[in-house]
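Colleague: Structure file my_file.txt (compact mmCIF, C-alpha atoms) is given on the next line.
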```txt
# COMPACT_ATOMS: atom_id res chain seq x y z
CA MET A 552 0.00 0.00 0.00
CA ALA A 553 1.23 3.48 -0.88
CA THR A 554 2.36 5.54 2.08
CA ASN A 555 3.05 8.83 0.32
CA PRO A 556 0.51 11.59 0.98
CA ILE A 557 -2.32 11.95 -1.52
CA PRO A 558 -1.59 14.91 -3.84
CA GLN A 559 -3.49 18.09 -3.12
CA PHE A 560 -6.68 18.67 -5.10
CA PRO A 561 -7.90 22.17 -6.03
CA ALA A 562 -9.72 24.29 -3.48
CA GLY A 563 -13.44 23.65 -3.67
CA PHE A 564 -13.05 20.06 -4.86
CA LEU A 565 -16.08 18.11 -3.60
CA TRP A 566 -15.38 15.02 -1.48
CA GLY A 567 -18.22 12.70 -0.61
CA VAL A 568 -19.67 9.22 -0.17
CA SER A 569 -22.67 7.57 -1.81
CA THR A 570 -25.56 5.22 -0.97
CA SER A 571 -28.93 4.34 -2.47
CA ALA A 572 -32.38 4.17 -0.91
CA HIS A 573 -33.31 0.57 -1.64
CA GLN A 574 -29.94 -0.70 -0.46
CA ILE A 575 -29.94 0.94 2.99
CA GLU A 576 -33.28 2.41 4.03
CA GLY A 577 -35.39 -0.60 5.01
CA ALA A 578 -38.84 0.36 6.35
CA ALA A 579 -40.35 -1.33 3.31
CA GLU A 580 -43.76 -1.44 4.96
CA MET A 581 -43.82 2.37 4.99
CA ARG A 582 -43.64 2.82 1.22
CA GLU A 583 -45.21 1.45 -1.93
CA PRO A 584 -43.53 -1.64 -3.41
CA SER A 585 -40.86 -1.36 -6.07
CA VAL A 586 -39.86 -3.72 -8.86
CA TRP A 587 -37.02 -4.83 -6.58
CA ASP A 588 -39.49 -5.93 -3.91
CA ALA A 589 -41.31 -8.02 -6.51
CA PHE A 590 -38.03 -9.39 -7.87
CA THR A 591 -36.58 -10.43 -4.51
CA ALA A 592 -39.86 -12.14 -3.59
CA GLU A 593 -39.24 -14.65 -6.40
CA PRO A 594 -37.23 -17.67 -5.20
CA GLY A 595 -33.72 -17.89 -6.60
CA ARG A 596 -33.45 -14.27 -7.69
CA VAL A 597 -31.11 -13.19 -4.85
CA LYS A 598 -28.15 -15.43 -4.10
CA ASP A 599 -28.63 -15.55 -0.34
CA GLY A 600 -32.43 -15.38 -0.51
CA SER A 601 -32.50 -12.04 1.31
CA THR A 602 -34.52 -8.89 0.74
CA ALA A 603 -34.05 -5.20 1.51
CA ALA A 604 -37.09 -5.02 3.79
CA VAL A 605 -34.83 -3.98 6.69
CA ALA A 606 -31.42 -3.54 5.01
CA CYS A 607 -29.43 -1.11 7.23
CA ASP A 608 -32.61 0.44 8.68
CA HIS A 609 -31.31 3.85 7.63
CA TYR A 610 -34.90 5.10 7.66
CA HIS A 611 -34.90 4.91 11.46
CA ARG A 612 -31.14 5.35 12.04
CA TYR A 613 -30.42 8.25 9.69
CA ARG A 614 -29.27 10.51 12.52
CA GLU A 615 -26.61 7.97 13.49
CA ASP A 616 -25.52 7.74 9.86
CA VAL A 617 -25.35 11.51 9.43
CA ALA A 618 -23.17 11.64 12.54
CA LEU A 619 -20.84 9.17 10.82
CA LEU A 620 -20.74 11.46 7.78
CA ALA A 621 -19.92 14.46 9.94
CA ASP A 622 -17.15 12.61 11.73
CA LEU A 623 -15.77 11.38 8.41
CA GLY A 624 -15.51 14.99 7.28
CA VAL A 625 -17.04 14.69 3.81
CA ASP A 626 -18.32 17.78 2.02
CA ALA A 627 -21.32 16.00 0.52
CA TYR A 628 -23.52 12.94 0.80
CA ARG A 629 -24.97 11.37 -2.31
CA PHE A 630 -28.12 9.41 -1.44
CA SER A 631 -31.12 8.44 -3.51
CA ILE A 632 -34.78 9.26 -3.09
CA SER A 633 -37.14 6.31 -3.31
CA TRP A 634 -39.87 7.01 -5.84
CA PRO A 635 -42.09 4.36 -4.17
CA ARG A 636 -41.62 6.10 -0.81
CA VAL A 637 -42.51 9.49 -2.24
CA ARG A 638 -45.73 7.96 -3.61
CA SER A 639 -46.72 6.82 -0.11
CA PRO A 640 -48.34 9.03 2.55
CA GLU A 641 -45.78 11.18 4.35
CA GLY A 642 -43.00 9.64 2.25
CA LEU A 643 -41.34 12.95 1.52
CA ASP A 644 -41.30 13.76 5.22
CA PHE A 645 -38.40 11.35 5.68
CA TYR A 646 -36.29 13.17 3.10
CA ASP A 647 -37.22 16.48 4.69
CA ARG A 648 -35.81 15.19 7.98
CA LEU A 649 -32.72 13.72 6.32
CA VAL A 650 -31.92 16.90 4.40
CA ASP A 651 -32.39 19.01 7.53
CA GLU A 652 -30.08 16.72 9.49
CA LEU A 653 -27.43 16.89 6.75
CA CYS A 654 -27.60 20.67 6.55
CA ALA A 655 -27.32 20.97 10.32
CA ALA A 656 -24.20 18.76 10.21
CA GLY A 657 -22.61 20.85 7.47
CA VAL A 658 -22.88 18.06 4.88
CA ARG A 659 -24.21 18.98 1.47
CA PRO A 660 -27.18 16.82 0.35
CA VAL A 661 -26.85 15.44 -3.21
CA PRO A 662 -29.94 13.38 -4.01
CA THR A 663 -30.26 10.95 -6.91
CA LEU A 664 -33.84 10.86 -8.14
CA PHE A 665 -33.82 7.34 -9.58
CA HIS A 666 -31.57 4.50 -8.44
CA TRP A 667 -33.34 1.45 -9.93
CA ASP A 668 -36.29 1.15 -7.49
CA LEU A 669 -39.11 1.77 -9.98
CA PRO A 670 -42.61 1.66 -8.45
CA VAL A 671 -44.54 -1.50 -9.24
CA GLY A 672 -46.99 -0.77 -12.05
CA LEU A 673 -44.56 1.38 -14.04
CA ASP A 674 -42.40 0.03 -16.86
CA TRP A 675 -39.41 1.57 -18.66
CA LEU A 676 -40.53 -0.19 -21.82
CA GLU A 677 -43.41 2.31 -21.83
CA ARG A 678 -42.74 5.87 -22.95
CA ASP A 679 -45.23 7.25 -20.43
CA THR A 680 -42.92 6.28 -17.57
CA ALA A 681 -40.58 9.12 -18.58
CA SER A 682 -43.41 11.62 -18.16
CA ARG A 683 -44.43 10.12 -14.82
CA PHE A 684 -40.82 10.45 -13.69
CA ALA A 685 -40.75 14.15 -14.55
CA GLU A 686 -43.93 14.70 -12.52
CA TYR A 687 -42.36 12.95 -9.52
CA VAL A 688 -39.18 15.02 -9.89
CA ALA A 689 -41.18 18.22 -9.85
CA VAL A 690 -42.86 17.19 -6.58
CA VAL A 691 -39.51 16.41 -4.95
CA ALA A 692 -37.87 19.60 -6.19
CA GLU A 693 -40.72 21.74 -4.87
CA ARG A 694 -40.37 20.16 -1.43
CA LEU A 695 -36.58 20.01 -1.09
CA GLY A 696 -35.27 22.61 -3.51
CA ASP A 697 -34.89 25.30 -0.86
CA ARG A 698 -32.10 23.23 0.76
CA VAL A 699 -30.84 21.01 -2.07
CA GLY A 700 -28.68 22.66 -4.70
CA LYS A 701 -26.99 19.73 -6.44
CA TRP A 702 -29.17 17.10 -8.13
CA ILE A 703 -28.62 13.80 -9.94
CA THR A 704 -31.37 12.59 -12.26
CA LEU A 705 -30.61 8.90 -12.88
CA ASN A 706 -28.10 6.35 -11.68
CA GLU A 707 -26.53 3.95 -14.19
CA PRO A 708 -29.22 3.58 -16.84
CA ALA A 709 -26.77 1.30 -18.69
CA GLU A 710 -26.73 -1.30 -15.90
CA HIS A 711 -30.45 -0.98 -15.29
CA THR A 712 -31.03 -1.67 -18.98
CA LEU A 713 -28.48 -4.46 -19.37
CA LEU A 714 -28.87 -6.32 -16.08
CA GLY A 715 -32.58 -5.73 -15.49
CA HIS A 716 -34.02 -5.89 -18.98
CA ALA A 717 -31.49 -7.56 -21.30
CA LEU A 718 -30.00 -10.31 -19.11
CA GLY A 719 -32.64 -10.61 -16.39
CA VAL A 720 -30.29 -10.86 -13.41
CA HIS A 721 -31.65 -7.65 -11.82
CA ALA A 722 -35.19 -6.38 -11.43
CA PRO A 723 -37.52 -6.56 -13.24
CA GLY A 724 -35.90 -9.77 -14.49
CA ARG A 725 -36.47 -9.55 -18.24
CA GLN A 726 -34.22 -11.30 -20.78
CA LEU A 727 -34.80 -9.18 -23.88
CA LEU A 728 -31.18 -8.89 -25.03
CA LEU A 729 -31.01 -6.13 -27.68
CA ASP A 730 -34.80 -5.72 -27.59
CA ALA A 731 -34.18 -3.89 -24.29
CA LEU A 732 -32.95 -0.80 -26.18
CA PRO A 733 -36.27 1.10 -25.69
CA VAL A 734 -35.58 0.94 -21.94
CA ALA A 735 -32.38 2.89 -22.52
CA HIS A 736 -34.15 5.46 -24.67
CA HIS A 737 -36.99 6.02 -22.21
CA GLN A 738 -34.57 6.45 -19.30
CA LEU A 739 -32.57 8.99 -21.28
CA LEU A 740 -35.79 10.80 -22.18
CA ALA A 741 -36.76 10.74 -18.50
CA HIS A 742 -33.42 12.36 -17.69
CA GLY A 743 -34.05 15.21 -20.14
CA LEU A 744 -37.58 15.78 -18.86
CA ALA A 745 -36.25 15.74 -15.29
CA VAL A 746 -33.64 18.36 -16.15
CA ARG A 747 -36.44 20.58 -17.48
CA ALA A 748 -38.54 19.99 -14.35
CA LEU A 749 -35.59 20.82 -12.10
CA ARG A 750 -34.78 23.97 -14.10
CA ALA A 751 -38.43 25.04 -13.76
CA ALA A 752 -38.02 24.66 -9.99
CA GLY A 753 -34.94 26.89 -10.04
CA ALA A 754 -32.17 24.26 -9.92
CA THR A 755 -28.82 25.35 -11.32
CA ASP A 756 -26.55 22.40 -10.47
CA ILE A 757 -27.78 19.26 -12.26
CA GLY A 758 -25.99 16.13 -13.41
CA ILE A 759 -26.44 12.42 -14.09
CA ALA A 760 -24.52 9.38 -12.77
CA ASN A 761 -23.56 7.21 -15.75
CA SER A 762 -21.30 4.20 -15.41
CA HIS A 763 -18.32 4.08 -17.75
CA GLY A 764 -15.07 2.23 -18.17
CA PRO A 765 -12.45 1.74 -20.87
CA THR A 766 -13.09 -1.13 -23.29
CA TRP A 767 -9.99 -3.11 -24.20
CA PRO A 768 -9.97 -5.47 -27.21
CA ALA A 769 -8.80 -8.96 -26.28
CA SER A 770 -6.37 -8.85 -29.21
CA ARG A 771 -5.63 -6.87 -32.36
CA GLU A 772 -7.55 -9.38 -34.46
CA SER A 773 -10.35 -7.68 -36.37
CA ALA A 774 -13.06 -9.86 -34.79
CA ASP A 775 -11.96 -8.89 -31.27
CA VAL A 776 -11.63 -5.19 -32.18
CA GLU A 777 -15.11 -5.15 -33.74
CA ALA A 778 -16.62 -6.90 -30.71
CA ALA A 779 -14.94 -4.42 -28.35
CA ASP A 780 -16.18 -1.49 -30.43
CA PHE A 781 -19.74 -2.85 -30.21
CA TYR A 782 -19.46 -3.31 -26.45
CA ASP A 783 -18.10 0.22 -26.09
CA VAL A 784 -21.05 1.61 -28.01
CA LEU A 785 -23.52 -0.39 -25.93
CA LEU A 786 -22.16 0.41 -22.47
CA ASN A 787 -20.47 3.77 -22.96
CA ARG A 788 -21.44 5.76 -26.02
CA LEU A 789 -25.13 4.77 -26.05
CA PHE A 790 -25.54 6.67 -22.78
CA ALA A 791 -23.02 9.49 -23.28
CA ASP A 792 -23.40 10.51 -26.94
CA PRO A 793 -27.10 11.47 -26.74
CA LEU A 794 -26.52 13.53 -23.60
CA LEU A 795 -23.34 15.28 -24.74
CA LEU A 796 -23.65 15.32 -28.55
CA GLY A 797 -27.40 15.17 -29.04
CA GLU A 798 -27.16 12.06 -31.22
CA TYR A 799 -26.98 8.30 -30.91
CA PRO A 800 -23.97 6.36 -32.19
CA SER A 801 -24.30 5.32 -35.82
CA GLY A 802 -26.92 2.62 -36.33
CA ILE A 803 -28.51 2.96 -32.89
CA GLY A 804 -31.03 5.77 -33.37
CA GLU A 805 -33.10 3.84 -35.91
CA LEU A 806 -33.54 1.06 -33.35
CA MET A 807 -35.16 3.38 -30.85
CA PRO A 808 -38.92 4.00 -30.54
CA GLY A 809 -40.87 7.18 -31.26
CA ASP A 810 -39.75 10.45 -32.81
CA VAL A 811 -36.08 10.03 -31.98
CA ALA A 812 -34.96 13.35 -33.44
CA SER A 813 -37.41 15.27 -31.25
CA ASP A 814 -36.61 13.16 -28.21
CA LEU A 815 -32.89 13.82 -28.62
CA LYS A 816 -33.51 17.54 -28.20
CA VAL A 817 -34.96 16.76 -24.77
CA ILE A 818 -32.31 14.18 -23.88
CA ALA A 819 -29.53 16.67 -24.67
CA GLU A 820 -30.81 19.35 -22.30
CA PRO A 821 -27.58 20.90 -21.00
CA VAL A 822 -26.33 19.62 -17.65
CA ASP A 823 -24.03 21.50 -15.31
CA TRP A 824 -21.72 18.54 -14.76
CA TYR A 825 -21.39 14.94 -15.88
CA GLY A 826 -21.25 12.17 -13.27
CA ILE A 827 -19.21 9.04 -13.88
CA ASN A 828 -19.34 5.83 -11.83
CA TYR A 829 -16.06 4.00 -12.38
CA TYR A 830 -15.13 0.52 -11.23
CA ALA A 831 -12.97 -1.19 -13.87
CA PRO A 832 -12.13 -1.49 -17.55
CA THR A 833 -13.55 -4.41 -19.54
CA ARG A 834 -11.57 -6.69 -21.85
CA VAL A 835 -13.77 -7.78 -24.72
CA GLY A 836 -13.38 -10.22 -27.59
CA ALA A 837 -15.38 -11.95 -30.27
CA PRO A 838 -18.19 -14.32 -29.21
CA GLU A 839 -16.83 -17.62 -27.94
CA GLY A 840 -19.95 -19.70 -28.42
CA THR A 841 -20.44 -20.56 -24.76
CA GLU A 842 -22.16 -18.91 -21.81
CA ILE A 843 -19.65 -16.90 -19.80
CA ASP A 844 -19.43 -15.71 -16.23
CA PHE A 845 -18.71 -11.98 -15.89
CA GLY A 846 -18.35 -10.89 -12.27
CA GLY A 847 -20.87 -13.51 -11.19
CA ILE A 848 -23.27 -12.63 -14.03
CA ARG A 849 -24.00 -15.33 -16.60
CA MET A 850 -23.87 -13.74 -20.04
CA PRO A 851 -25.54 -15.71 -22.86
CA ALA A 852 -23.54 -16.91 -25.83
CA GLU A 853 -25.80 -15.21 -28.39
CA LEU A 854 -24.41 -11.78 -27.48
CA PRO A 855 -22.12 -10.41 -30.21
CA PHE A 856 -19.16 -10.17 -27.82
CA SER A 857 -17.56 -12.03 -24.92
CA VAL A 858 -16.04 -10.55 -21.77
CA ARG A 859 -12.55 -11.86 -21.01
CA GLU A 860 -10.33 -11.86 -17.94
CA ILE A 861 -7.83 -9.01 -17.52
CA GLU A 862 -4.74 -11.09 -16.89
CA GLY A 863 -2.36 -9.91 -14.20
CA ALA A 864 -4.83 -7.59 -12.47
CA PRO A 865 -5.75 -8.28 -8.84
CA VAL A 866 -9.46 -8.72 -8.21
CA THR A 867 -11.87 -7.67 -5.48
CA ASP A 868 -14.02 -10.12 -3.51
CA PHE A 869 -16.61 -9.55 -6.24
CA GLY A 870 -14.11 -10.72 -8.85
CA TRP A 871 -13.81 -7.28 -10.44
CA PRO A 872 -10.33 -6.34 -11.70
CA VAL A 873 -8.50 -3.55 -9.89
CA VAL A 874 -7.09 -1.17 -12.51
CA PRO A 875 -6.76 2.39 -11.13
CA GLU A 876 -5.01 3.68 -14.26
CA GLY A 877 -8.18 2.83 -16.16
CA LEU A 878 -9.81 5.83 -14.49
CA THR A 879 -7.17 8.17 -15.90
CA GLU A 880 -7.54 6.56 -19.32
CA LEU A 881 -11.32 6.88 -19.18
CA LEU A 882 -11.31 10.55 -18.22
CA THR A 883 -8.68 11.65 -20.71
CA GLY A 884 -10.51 9.62 -23.35
CA PHE A 885 -13.79 11.38 -22.58
CA ARG A 886 -12.05 14.75 -22.83
CA ASP A 887 -10.56 13.81 -26.20
CA ARG A 888 -13.82 12.37 -27.56
CA TYR A 889 -16.24 15.07 -26.42
CA GLY A 890 -14.02 18.15 -26.18
CA GLU A 891 -15.92 21.29 -25.28
CA ARG A 892 -19.18 19.36 -25.15
CA LEU A 893 -18.01 17.63 -21.97
CA PRO A 894 -19.01 19.65 -18.90
CA PRO A 895 -17.07 19.41 -15.62
CA VAL A 896 -16.89 15.82 -14.39
CA VAL A 897 -17.71 14.40 -10.95
CA ILE A 898 -16.83 10.81 -10.01
CA THR A 899 -20.16 9.86 -8.47
CA GLU A 900 -19.15 6.31 -7.49
CA ASN A 901 -15.88 4.46 -6.99
CA GLY A 902 -15.38 1.61 -4.58
CA CYS A 903 -14.80 -2.09 -4.02
CA SER A 904 -16.03 -5.17 -2.15
CA TYR A 905 -13.76 -6.61 0.54
CA GLU A 906 -14.40 -8.35 3.84
CA GLY A 907 -13.05 -7.38 7.25
CA LEU A 908 -12.74 -4.36 9.51
CA ASP A 909 -9.02 -4.00 8.83
CA ASP A 910 -9.70 -3.59 5.11
CA GLN A 911 -6.24 -2.75 3.83
CA GLU A 912 -7.22 -3.90 0.31
CA ARG A 913 -9.93 -1.23 0.19
CA ILE A 914 -7.46 1.40 1.36
CA ALA A 915 -5.03 0.38 -1.39
CA TYR A 916 -7.87 0.43 -3.95
CA LEU A 917 -9.07 3.90 -2.98
CA ASP A 918 -5.55 5.26 -2.67
CA GLY A 919 -4.75 4.11 -6.20
CA HIS A 920 -7.93 5.51 -7.69
CA VAL A 921 -7.65 8.90 -5.99
CA ARG A 922 -4.11 9.17 -7.38
CA ALA A 923 -5.37 8.14 -10.82
CA LEU A 924 -8.02 10.85 -10.57
CA HIS A 925 -5.39 13.42 -9.70
CA ALA A 926 -3.38 12.29 -12.74
CA ALA A 927 -6.41 13.03 -14.92
CA LEU A 928 -6.69 16.47 -13.33
CA THR A 929 -3.02 17.10 -14.02
CA ALA A 930 -3.62 16.04 -17.63
CA GLY A 931 -6.19 18.79 -17.98
CA VAL A 932 -9.51 17.04 -17.30
CA ASP A 933 -11.93 19.30 -15.42
CA VAL A 934 -12.85 17.05 -12.49
CA ARG A 935 -14.78 18.68 -9.65
CA GLY A 936 -15.56 15.90 -7.17
CA TYR A 937 -15.13 12.31 -5.97
CA PHE A 938 -17.66 10.12 -4.12
CA VAL A 939 -16.71 6.78 -2.56
CA TRP A 940 -19.15 3.90 -2.87
CA SER A 941 -20.27 3.32 -0.20
CA LEU A 942 -20.77 4.75 3.27
CA LEU A 943 -22.32 1.54 4.62
CA ASP A 944 -22.26 -2.15 3.87
CA ASN A 945 -25.67 -2.79 2.35
CA PHE A 946 -28.05 -4.91 0.29
CA GLU A 947 -26.01 -5.52 -2.86
CA TRP A 948 -28.88 -6.24 -5.27
CA ALA A 949 -28.83 -9.82 -6.61
CA GLU A 950 -25.85 -10.63 -4.35
CA GLY A 951 -27.92 -9.93 -1.25
CA TYR A 952 -25.71 -9.25 1.77
CA ALA A 953 -22.75 -11.28 0.51
CA ARG A 954 -20.71 -8.28 -0.71
CA ARG A 955 -19.44 -5.48 1.49
CA PHE A 956 -18.64 -2.13 -0.14
CA GLY A 957 -18.89 0.06 2.96
CA LEU A 958 -16.41 2.25 4.75
CA VAL A 959 -18.59 1.35 7.73
CA HIS A 960 -19.32 -2.26 8.68
CA VAL A 961 -22.95 -3.14 9.38
CA ASP A 962 -23.85 -6.13 11.51
CA TYR A 963 -27.08 -7.22 9.85
CA GLU A 964 -28.33 -8.95 13.01
CA THR A 965 -27.88 -6.02 15.41
CA LEU A 966 -27.55 -3.21 12.78
CA ARG A 967 -24.56 -1.93 14.71
CA ARG A 968 -22.28 0.36 12.69
CA THR A 969 -18.51 -0.01 13.05
CA PRO A 970 -16.13 2.22 11.07
CA LYS A 971 -13.47 0.22 9.23
CA ALA A 972 -9.82 1.06 8.74
CA SER A 973 -10.74 2.53 5.34
CA TYR A 974 -13.12 4.98 7.05
CA ARG A 975 -10.27 6.27 9.21
CA TRP A 976 -7.94 6.39 6.19
CA PHE A 977 -10.43 8.44 4.17
CA ARG A 978 -11.02 10.76 7.14
CA ASP A 979 -7.27 11.40 7.32
CA VAL A 980 -7.12 12.05 3.57
CA LEU A 981 -9.90 14.61 3.84
CA ARG A 982 -8.28 16.38 6.76
CA ALA A 983 -5.03 16.64 4.81
CA GLN A 984 -6.90 18.17 1.85
CA ARG A 985 -8.31 21.05 3.91
```
So that I can check it, write out the structure of this file as structure tokens.
Modeller:
Amino acid sequence: MATNPIPQFPAGFLWGVSTSAHQIEGAAEMREPSVWDAFTAEPGRVKDGSTAAVACDHYHRYREDVALLADLGVDAYRFSISWPRVRSPEGLDFYDRLVDELCAAGVRPVPTLFHWDLPVGLDWLERDTASRFAEYVAVVAERLGDRVGKWITLNEPAEHTLLGHALGVHAPGRQLLLDALPVAHHQLLAHGLAVRALRAAGATDIGIANSHGPTWPASRESADVEAADFYDVLLNRLFADPLLLGEYPSGIGELMPGDVASDLKVIAEPVDWYGINYYAPTRVGAPEGTEIDFGGIRMPAELPFSVREIEGAPVTDFGWPVVPEGLTELLTGFRDRYGERLPPVVITENGCSYEGLDDQERIAYLDGHVRALHAALTAGVDVRGYFVWSLLDNFEWAEGYARRFGLVHVDYETLRRTPKASYRWFRDVLRAQR
């Protein structure tokens, strides 16, 4: 593990941590059900058979968690607002209390308006869901906008499309493969409509949290290069080009539903910053004709690419490769591809799954990625913030409680919070940056 001090970041750089509502809040009986509640109720969907009905019980223990944030010394807390909770009586009252508690502690609230927990009865295959989302956003902005300045519309529409609607390993559990593309379009449209709703409410600091990573061809053979290019379009450019350039990658727009040209004008509503969730690059080759396992996800052979191992890279407990320099490559690549169309960037998620309270592997991971981020800054990329995933160990979607991403350990029997070594390391980093 590196022992040299982390380089100094510019004054005003935003340091934070992230969570999401469904993964930590619990109190499921006090909100409407989401597609994740329906999904986890089906046997075999979650590896340990668990649900998020209680999770970390953040709904009742938010004051304790805000105290942890204050002690950690972060500038900001990225959380998500549960659309199903807002639709229930007094649902917004919880977020009122949470935002007040954050403001009193000197921690800036940064809410994400959709982090995968779609209310039951709505469907991203339907265009109308985008309009319903904008209506919900307007309600939230009216209630919280006097104290919330920085907003995030959607979290990782790429993963929600791929894992939930193409491969079926996340809620709602559909296996549509490329027929899931309308889900991507309707989420992007929802983002644009949400930006308009937030602007109408007076918001001036709006972004999105898209997941991105470099795509590396498995070899220089044309079949591997073509497969990697397709993967890059599907997971990176499909969700960045419409937002930043106002157009889909070549060949994609004609696959989307509705009046795509008109929709793109909405999708490309200017944002104030662009959020990137980074975990790892992906090595991609031509189809191999067999089902493959990618980070615990079974990917069918009929996909026009295969995901390969990155040889020589250490892996997390989740099996994800640890490649900090990939973050520098990603950010400089975005700058080169999008130029002046790329607004300031915020790393809205970066983290790893490791066991133990003395989590030296997590410290090494974060240390390497913060240094890689500073290298991108030095190379001229306008990066304004960095959020660690995650504050707390939590319900890790289809993995249940088997993966621990938190700076703070949660005992799921007692719900006791225990800061890990990585929490103390990050606190020291933040103090040195002041």
Colleague: Show me, as a list in words, the residues that have an atom within 10 Å of A:Pro556 when counting all atoms listed in the file, minus same-chain residues fewer than 5 positions from it.
Modeller: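 Selected residues are Asp918, Arg922, Val980, Ala983 and Gln984 of chain A.
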Colleague: Taking 3 positions as the minimum chain separation for residues in the same chain, which residues sit within 6 Å of stretch 652-667 of chain A when counting only C-alpha atoms? Answer as a ChimeraX atom specification.
Modeller: /A:626-632,649,701-706
Colleague: Skipping near chain neighbours, those fewer than 2 positions away, what residues fall within 7 Å of stretch 727-740 of chain A using only C-alpha atoms, listed as a ChimeraX atom specification?
Modeller: /A:675-676,678,681,708-709,712,716-718,725,742-744,807-808,814,817-818
Colleague: Would you compute the distance between atom CA of A:Ser904 and atom CA of A:Ala923? Give it in Å to one decimal.
Modeller: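 A separation of 19.1 Å between them.
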Colleague: Report, as lines of an AutoDock Vina configuration file, the axis-aligned box around all atoms of stretch 593-596 of chain A present in the file, extended by 6 Å on each side; give centre and edge lengths in Å to one decimal place.
Modeller:
```
center_x = -36.3
center_y = -16.1
center_z = -6.4
size_x = 17.8
size_y = 15.6
size_z = 14.5
```
Colleague: Please indicate the distance in Å from atom CA of A:Glu677 to atom CA of A:Ala791, rounded to one decimal place.
Modeller: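 Value for the atom CA of A:Glu677-atom CA of A:Ala791 distance: 21.7 Å.
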Colleague: Pick from A:Pro872, A:Pro800, A:Gly931, A:Gly907: nearest to A:Arg955, with only C-alpha atoms counted?
Modeller: A:Gly907
Colleague: List as a PyMOL selection string the protein and nucleic acid residues near A:Leu786, meaning an atom at most 8 Å away when all atoms listed in the file are counted, but skip any in the same chain fewer than 3 places from it.
Modeller: chain A and resi 709+763+782-783+789-790
Colleague: Ranking A:Gly919, A:Pro635, A:Gly624, A:Gly797 by minimum distance to A:Pro821 and counting all atoms listed in the file, which one comes first?
Modeller: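 Ranked by minimum distance to A:Pro821, first place goes to A:Gly797.
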Colleague: Can you pull out the residues contacting A:Ala689? Cut-off 9 Å, using only C-alpha atoms, and skip same-chain residues under 5 positions away; I want them as a VMD selection string.
Modeller: chain A and resid 684 694 745 748 to 749 751 to 752
Colleague: Please produce a file of the residues just selected, as a short mmCIF file (atom, residue, chain, number, x, y, z; two decimals), in the frame of the given file, where the atoms kept are C-alpha atoms.
Modeller:
```
data_model
loop_
_atom_site.label_atom_id
_atom_site.label_comp_id
_atom_site.auth_asym_id
_atom_site.auth_seq_id
_atom_site.Cartn_x
_atom_site.Cartn_y
_atom_site.Cartn_z
CA PHE A 684 -40.82 10.45 -13.69
CA ARG A 694 -40.37 20.16 -1.43
CA ALA A 745 -36.25 15.74 -15.29
CA ALA A 748 -38.54 19.99 -14.35
CA LEU A 749 -35.59 20.82 -12.10
CA ALA A 751 -38.43 25.04 -13.76
CA ALA A 752 -38.02 24.66 -9.99
#
```
Colleague: Could you make a table, as CSV, of the residues of stretch 723-828 of chain A that have an atom within 9 Å of an atom of stretch 895-902 of chain A, each with its nearest atom pair and distance in Å to one decimal, counting all atoms listed in the file, in chain and number order?
Modeller:
```
residue,atom,partner,partner_atom,distance
A:Gly758,CA,A:Val897,CA,8.8
A:Ile759,CA,A:Thr899,CA,8.8
A:Ala760,CA,A:Thr899,CA,6.1
A:Asn761,CA,A:Thr899,CA,8.5
A:Ser762,CA,A:Glu900,CA,8.5
A:Asp823,CA,A:Pro895,CA,7.3
A:Trp824,CA,A:Pro895,CA,4.8
A:Tyr825,CA,A:Val896,CA,4.8
A:Gly826,CA,A:Val897,CA,4.8
A:Ile827,CA,A:Ile898,CA,4.9
A:Asn828,CA,A:Glu900,CA,4.4
```
Colleague: Got time to write the residues from that selection, C-alpha atoms, as a compact mmCIF listing (two decimals), keeping the file's coordinate frame?
Modeller:
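Now in again.txt:
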```txt
# COMPACT_ATOMS: atom_id res chain seq x y z
CA GLY A 758 -25.99 16.13 -13.41
CA ILE A 759 -26.44 12.42 -14.09
CA ALA A 760 -24.52 9.38 -12.77
CA ASN A 761 -23.56 7.21 -15.75
CA SER A 762 -21.30 4.20 -15.41
CA ASP A 823 -24.03 21.50 -15.31
CA TRP A 824 -21.72 18.54 -14.76
CA TYR A 825 -21.39 14.94 -15.88
CA GLY A 826 -21.25 12.17 -13.27
CA ILE A 827 -19.21 9.04 -13.88
CA ASN A 828 -19.34 5.83 -11.83
```
Colleague: Using only C-alpha atoms, what does the table of stretch 877-923 of chain A residues within 12 Å of stretch 863-866 of chain A look like, with each row giving the shortest atom pair and its distance in Å to one decimal, sorted by chain and ascending number, as a tab-separated table?
Modeller:
```
residue	atom	partner	partner_atom	distance
A:Gly877	CA	A:Ala864	CA	11.6
A:Cys903	CA	A:Val866	CA	9.5
A:Ser904	CA	A:Val866	CA	9.6
A:Tyr905	CA	A:Val866	CA	10.0
A:Glu912	CA	A:Val866	CA	10.0
A:Arg913	CA	A:Val866	CA	11.3
A:Ala915	CA	A:Pro865	CA	11.4
A:Tyr916	CA	A:Pro865	CA	10.2
```
